[in-house]
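What follows is a short report on a single structure.
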Amino acid sequence: MAQDVLVVGELADGQLSSVTEELLGAATRIADGGKVSVTLLGSAAPGAAAGAFAAGADRACVSGDAAYDEFRSDQWLAAVEAALDQTGAAAVLIAQSGVGRDLGPRLAFRRNTAVAMDCIRVENVDGGLRATRSAYGGNAHATYSFATSPAVVTVRAKSQDPIEARAGASGETVELPAAAASRTEITGREAAVAEGLQIEDAAIVVSGGRGLGAPEGFKAVEELAAALGSDKAAVGASRAACDLGWYPPSQQVGLTGKVVTPDLYIAVAISGASQHMAGCSGSKTIVAINRDPEANIFKSARFGIVGDYKAILPELVNAIKALD
Amino acid sequence: MHLVVCAKQIPDPETPPAAFRIDSAKNEVIPAQGIAPVLSPFDAQAAEAALRIKEKAGDGKVTVISLGQESAQAAIKQVLAMGADEGVLLSDDAFQGGDSYSTAHALAAAIKKLGDVDAVFCGRQAADWDMGQVGIGIAEELGWPVAIIAKDAQADGGSMVVQRVLADGFETVKMPLPAVVTVSNELGDPRYPKLQQIMQAARKTVTTWGPADLGVDASEIGAAGSRLKLEKLFQPESGAEVELMEGETPAEQAQALAKALRDAKII
């Protein structure tokens, strides 16, 4: 049964962000012939509408007000509510990002309805939304339905496939109001981004954990990543390693960090707590290097080495160099 | 200042996956034998954030509220031992089986009843369901601003200045009080109570409030107030068997891995 779906779009470098394309893909599937709308907010929004139509939107709800460039949830909430009123959508999809973590619950509480956070599967069952998410640190999965409308879902990045781009597709454009005043003043912002290849974009991610024993252990991890190719491999870290101050929080892989889905994920001295696996379990191949043969990480890995990383990693660097 | 900390008691998130069981008929987690429930770790950090503000101000009051069963007294006592002044337990059968909506509704009603609250601190998410909604829900119910995923919070006159963790950096926001803050692990380790504080906390009385004390409608709390319906709780299937690299020496193991990855056309 068809249902109308609203996607809360996010922009990156003036374009539709990749997760927004994924959400539009999911929206097209669960709409089942219903109308797919997308909100686009910020100075780059008018220029991003064509990309949204190509990615599956039938209608773009747009405001080019530059006040939306920085995310303030009270301002965005008002804009999304306006889009909801205009579209009458029965389901709202938002990325599990800095935007969705804040806006998802706010929108649901404001509209007296429910939100399921960080979902990895969304389905249309008899015209109603079903959403599945991981809980208890990945030990359980929970599938929810919604007693109220609209059903609000935040969706984990890279859990959904975008549709094949519909080149030249067009759609309806609706103007959203400019931003109202915010109660929250942003007084400072500090970027903490690693130089070069980002872990979300890398084909290979090599991550280190608490088992490295000291921050110096990351040197060996970085050398392995370099041997695999600085244009392909990036370095990540477990939350435990970040909490200890051994590696920057921007490189954290896990439930409270980033979700990565590389072709190859090499976990070095990481026990594989479910909070970590939530960030890397979508990798095509997982390799575990750990001293403890009972470590949970081996349950998710395709290849493993039981041993001390200090001895293994330099040899692995040599062995990889010897391949070429 | 009157600061409120919301604390949830949860199954120990460090429970080994092998000890994790689900009752699929009831859609419930079966508590692991011999592993005591704990205060959700992010809530301990929320308490730490509130206590730091009280200490810096040199006066004020911290009240800890928990919604849960009688056993949640232990979570309240832990925050009292850390230095909170008073504890309130929302415990009644009518509160049970709720979702984030009905939980936030009841907690917001309790905060209203306290009356003179300047700020509410919650963990960024409870480490069992990992939803991360209740703090934001309380703010919406009360009509207060909220800053989520904080690594630092400072009271500044009639405002709260919060340093937030973003995916690509940090952001400092200033919002008028009263307000809600949700706290992340980047705040740092919470304090360990001293033995004397634990003994003092054990003697403190925890106030228990039910739905009638809060004046909330029974249809808005617990299972009756839930907007989200759990259809199915299940354990995901685990992946394939791991292939461990053989070798007498680290060099041989490393060479075997490099070859296996090349043979599988992964590198």
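In the structure tokens, the first chain shown is A, the next is B, and so on; residue numbers restart at 1 for each chain, and ligands run from 1 in the order shown.
Residues in contact with Thr256 (chain A) at up to 9 Å, not including ones fewer than 5 positions away on its chain and judged by only C-alpha atoms, are Arg239, Gln275, His276, Ala278 and Gly279 of chain A; Ser184 of chain B.
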Since we have the selection now, will you write its residues out, keeping C-alpha atoms, as a tab-separated table (two decimals), in the first residue's frame?
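Generated output (again_31.tsv):
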```
chain	number	residue	atom	x	y	z
A	239	ARG	CA	36.12	4.23	21.63
A	275	GLN	CA	29.59	-0.95	20.64
A	276	HIS	CA	32.60	-1.15	18.29
A	278	ALA	CA	28.10	-1.37	15.39
A	279	GLY	CA	30.51	0.86	13.49
B	184	SER	CA	28.72	11.96	26.25
```
Within 7 Å of chain A, which residues of chain B show up when using only C-alpha atoms, listed as a PyMOL selection string?
chain B and resi 17+101+128-131+133+136-137+140+145+166-175+186+227-236+239-245+250-251+253-255+258
For the residues in the current selection, export N, CA and C atoms as a compact mmCIF listing (two decimals), in the first residue's frame.
```
# COMPACT_ATOMS: atom_id res chain seq x y z
N PRO B 17 28.63 -11.51 25.32
CA PRO B 17 27.59 -11.87 24.34
C PRO B 17 27.07 -13.30 24.56
N TYR B 101 8.93 7.84 24.73
CA TYR B 101 7.91 8.88 24.86
C TYR B 101 7.29 8.86 26.26
N ASP B 128 21.49 0.41 27.06
CA ASP B 128 20.81 -0.85 26.72
C ASP B 128 20.11 -0.71 25.36
N TRP B 129 19.19 0.25 25.23
CA TRP B 129 18.47 0.40 23.97
C TRP B 129 19.14 1.39 23.02
N ASP B 130 20.05 2.22 23.55
CA ASP B 130 20.81 3.14 22.70
C ASP B 130 19.95 4.04 21.82
N MET B 131 18.80 4.47 22.31
CA MET B 131 17.93 5.32 21.50
C MET B 131 18.41 6.78 21.52
N GLN B 133 16.83 9.42 23.21
CA GLN B 133 15.67 10.29 23.00
C GLN B 133 15.18 10.99 24.25
N ILE B 136 16.05 14.70 25.09
CA ILE B 136 15.43 15.60 24.12
C ILE B 136 13.92 15.65 24.35
N GLY B 137 13.34 14.51 24.68
CA GLY B 137 11.91 14.44 24.95
C GLY B 137 11.51 15.27 26.15
N GLU B 140 11.47 18.86 25.12
CA GLU B 140 10.28 19.18 24.33
C GLU B 140 9.04 19.27 25.22
N PRO B 145 15.17 24.63 25.88
CA PRO B 145 16.20 24.28 24.89
C PRO B 145 17.04 23.10 25.36
N LEU B 166 30.80 16.91 17.73
CA LEU B 166 30.21 16.71 16.40
C LEU B 166 31.00 15.61 15.68
N ALA B 167 30.49 15.17 14.55
CA ALA B 167 31.18 14.12 13.80
C ALA B 167 32.55 14.61 13.33
N ASP B 168 32.66 15.91 13.07
CA ASP B 168 33.90 16.43 12.51
C ASP B 168 34.50 17.55 13.35
N GLY B 169 34.26 17.51 14.65
CA GLY B 169 34.85 18.52 15.51
C GLY B 169 34.01 18.79 16.74
N PHE B 170 34.08 20.03 17.20
CA PHE B 170 33.38 20.42 18.42
C PHE B 170 32.65 21.73 18.16
N GLU B 171 31.58 21.95 18.93
CA GLU B 171 30.80 23.17 18.78
C GLU B 171 30.46 23.67 20.17
N THR B 172 30.57 24.98 20.39
CA THR B 172 30.18 25.55 21.66
C THR B 172 28.86 26.28 21.47
N VAL B 173 27.87 25.95 22.30
CA VAL B 173 26.58 26.62 22.19
C VAL B 173 26.22 27.23 23.55
N LYS B 174 25.44 28.29 23.47
CA LYS B 174 24.99 28.98 24.68
C LYS B 174 23.47 29.01 24.62
N MET B 175 22.83 28.57 25.69
CA MET B 175 21.36 28.60 25.69
C MET B 175 20.87 29.08 27.04
N GLU B 186 32.94 11.68 26.21
CA GLU B 186 34.09 12.59 26.08
C GLU B 186 34.23 13.53 27.28
N ARG B 227 4.23 4.93 22.04
CA ARG B 227 3.93 5.16 20.63
C ARG B 227 4.63 4.14 19.75
N LEU B 228 5.72 3.60 20.27
CA LEU B 228 6.52 2.64 19.51
C LEU B 228 6.14 1.25 19.98
N LYS B 229 5.79 0.37 19.05
CA LYS B 229 5.38 -0.97 19.42
C LYS B 229 6.47 -1.96 19.01
N LEU B 230 7.01 -2.65 20.00
CA LEU B 230 8.04 -3.65 19.72
C LEU B 230 7.37 -4.89 19.15
N GLU B 231 7.61 -5.15 17.87
CA GLU B 231 6.99 -6.31 17.22
C GLU B 231 7.80 -7.57 17.47
N LYS B 232 9.12 -7.41 17.45
CA LYS B 232 9.95 -8.60 17.52
C LYS B 232 11.34 -8.23 18.05
N LEU B 233 11.81 -8.98 19.04
CA LEU B 233 13.17 -8.83 19.56
C LEU B 233 13.88 -10.15 19.30
N PHE B 234 15.01 -10.09 18.62
CA PHE B 234 15.68 -11.34 18.25
C PHE B 234 17.20 -11.15 18.21
N GLN B 235 17.90 -12.28 18.24
CA GLN B 235 19.36 -12.23 18.16
C GLN B 235 19.78 -12.40 16.71
N PRO B 236 20.55 -11.44 16.20
CA PRO B 236 20.98 -11.56 14.80
C PRO B 236 21.89 -12.78 14.62
N GLY B 239 28.12 -14.31 11.91
CA GLY B 239 28.71 -14.51 10.59
C GLY B 239 29.42 -15.85 10.43
N ALA B 240 30.26 -15.90 9.42
CA ALA B 240 30.95 -17.17 9.11
C ALA B 240 32.10 -17.43 10.07
N GLU B 241 32.63 -18.61 10.01
CA GLU B 241 33.78 -19.00 10.84
C GLU B 241 35.02 -18.21 10.43
N VAL B 242 35.82 -17.87 11.40
CA VAL B 242 37.07 -17.17 11.11
C VAL B 242 38.12 -18.19 10.65
N GLU B 243 38.94 -17.76 9.69
CA GLU B 243 40.06 -18.59 9.24
C GLU B 243 41.32 -18.03 9.90
N LEU B 244 41.87 -18.78 10.85
CA LEU B 244 43.06 -18.29 11.57
C LEU B 244 44.32 -18.65 10.78
N MET B 245 45.24 -17.68 10.68
CA MET B 245 46.47 -17.88 9.92
C MET B 245 47.45 -18.76 10.70
N PRO B 250 55.65 -15.02 13.74
CA PRO B 250 54.84 -13.89 13.29
C PRO B 250 55.01 -13.63 11.79
N ALA B 251 56.23 -13.80 11.28
CA ALA B 251 56.48 -13.55 9.86
C ALA B 251 55.66 -14.52 9.01
N GLN B 253 52.88 -16.10 9.88
CA GLN B 253 51.45 -15.75 10.00
C GLN B 253 51.13 -14.55 9.12
N ALA B 254 52.01 -13.55 9.15
CA ALA B 254 51.78 -12.33 8.37
C ALA B 254 51.79 -12.64 6.88
N GLN B 255 52.73 -13.50 6.45
CA GLN B 255 52.79 -13.86 5.02
C GLN B 255 51.53 -14.63 4.61
N ALA B 258 48.74 -12.03 4.20
CA ALA B 258 48.91 -11.25 2.96
C ALA B 258 48.50 -12.10 1.76
```
Those of region 73-260 of chain A in DSSP alpha helix (DSSP H), formatted as a PyMOL selection string
chain A and resi 73-87+98-110+217-228+239-243
How would the residues just picked look written out with C-alpha atoms as a short mmCIF file (atom, residue, chain, number, x, y, z; two decimals), in the first residue's frame?
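Now in part29.cif:
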```cif
data_model
loop_
_atom_site.label_atom_id
_atom_site.label_comp_id
_atom_site.auth_asym_id
_atom_site.auth_seq_id
_atom_site.Cartn_x
_atom_site.Cartn_y
_atom_site.Cartn_z
CA SER A 73 17.57 22.03 15.80
CA ASP A 74 14.83 24.51 16.75
CA GLN A 75 15.14 26.26 13.37
CA TRP A 76 15.30 23.04 11.38
CA LEU A 77 12.40 21.61 13.38
CA ALA A 78 10.13 24.47 12.33
CA ALA A 79 11.10 23.99 8.67
CA VAL A 80 10.54 20.23 8.77
CA GLU A 81 7.20 20.73 10.52
CA ALA A 82 6.16 23.12 7.73
CA ALA A 83 7.15 20.51 5.13
CA LEU A 84 5.22 17.87 7.03
CA ASP A 85 2.13 20.07 7.08
CA GLN A 86 2.43 20.68 3.35
CA THR A 87 3.10 17.08 2.34
CA GLY A 98 24.35 15.10 14.08
CA VAL A 99 21.11 16.35 12.53
CA GLY A 100 19.02 13.21 13.06
CA ARG A 101 20.19 12.47 16.59
CA ASP A 102 18.74 15.83 17.62
CA LEU A 103 15.91 16.41 15.15
CA GLY A 104 14.44 12.88 15.18
CA PRO A 105 13.34 12.86 18.82
CA ARG A 106 12.38 16.56 18.74
CA LEU A 107 10.12 16.11 15.74
CA ALA A 108 8.52 13.00 17.21
CA PHE A 109 7.84 14.59 20.60
CA ARG A 110 6.63 17.82 19.01
CA GLY A 217 51.00 1.55 19.17
CA PHE A 218 49.14 3.63 16.62
CA LYS A 219 52.46 4.21 14.79
CA ALA A 220 52.49 0.55 13.80
CA VAL A 221 48.82 0.80 12.79
CA GLU A 222 49.57 3.88 10.66
CA GLU A 223 52.52 2.11 9.02
CA LEU A 224 50.27 -0.79 8.05
CA ALA A 225 47.74 1.64 6.55
CA ALA A 226 50.55 3.39 4.65
CA ALA A 227 51.77 0.05 3.27
CA LEU A 228 48.25 -0.67 2.00
CA ARG A 239 36.12 4.23 21.63
CA ALA A 240 38.34 2.88 24.41
CA ALA A 241 41.45 4.11 22.60
CA CYS A 242 39.85 7.53 21.95
CA ASP A 243 38.66 7.85 25.57
#
```
Please, which residues of region 40-112 of chain A, numbered as in this document, come out strand (DSSP E or B) from DSSP, as a count of residues only?
12
Could you state the separation of CA of Gly222 (chain B) and CA of Ala139 (chain B) in Å, given to one decimal place?
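These atoms are spaced 18.9 Å apart.
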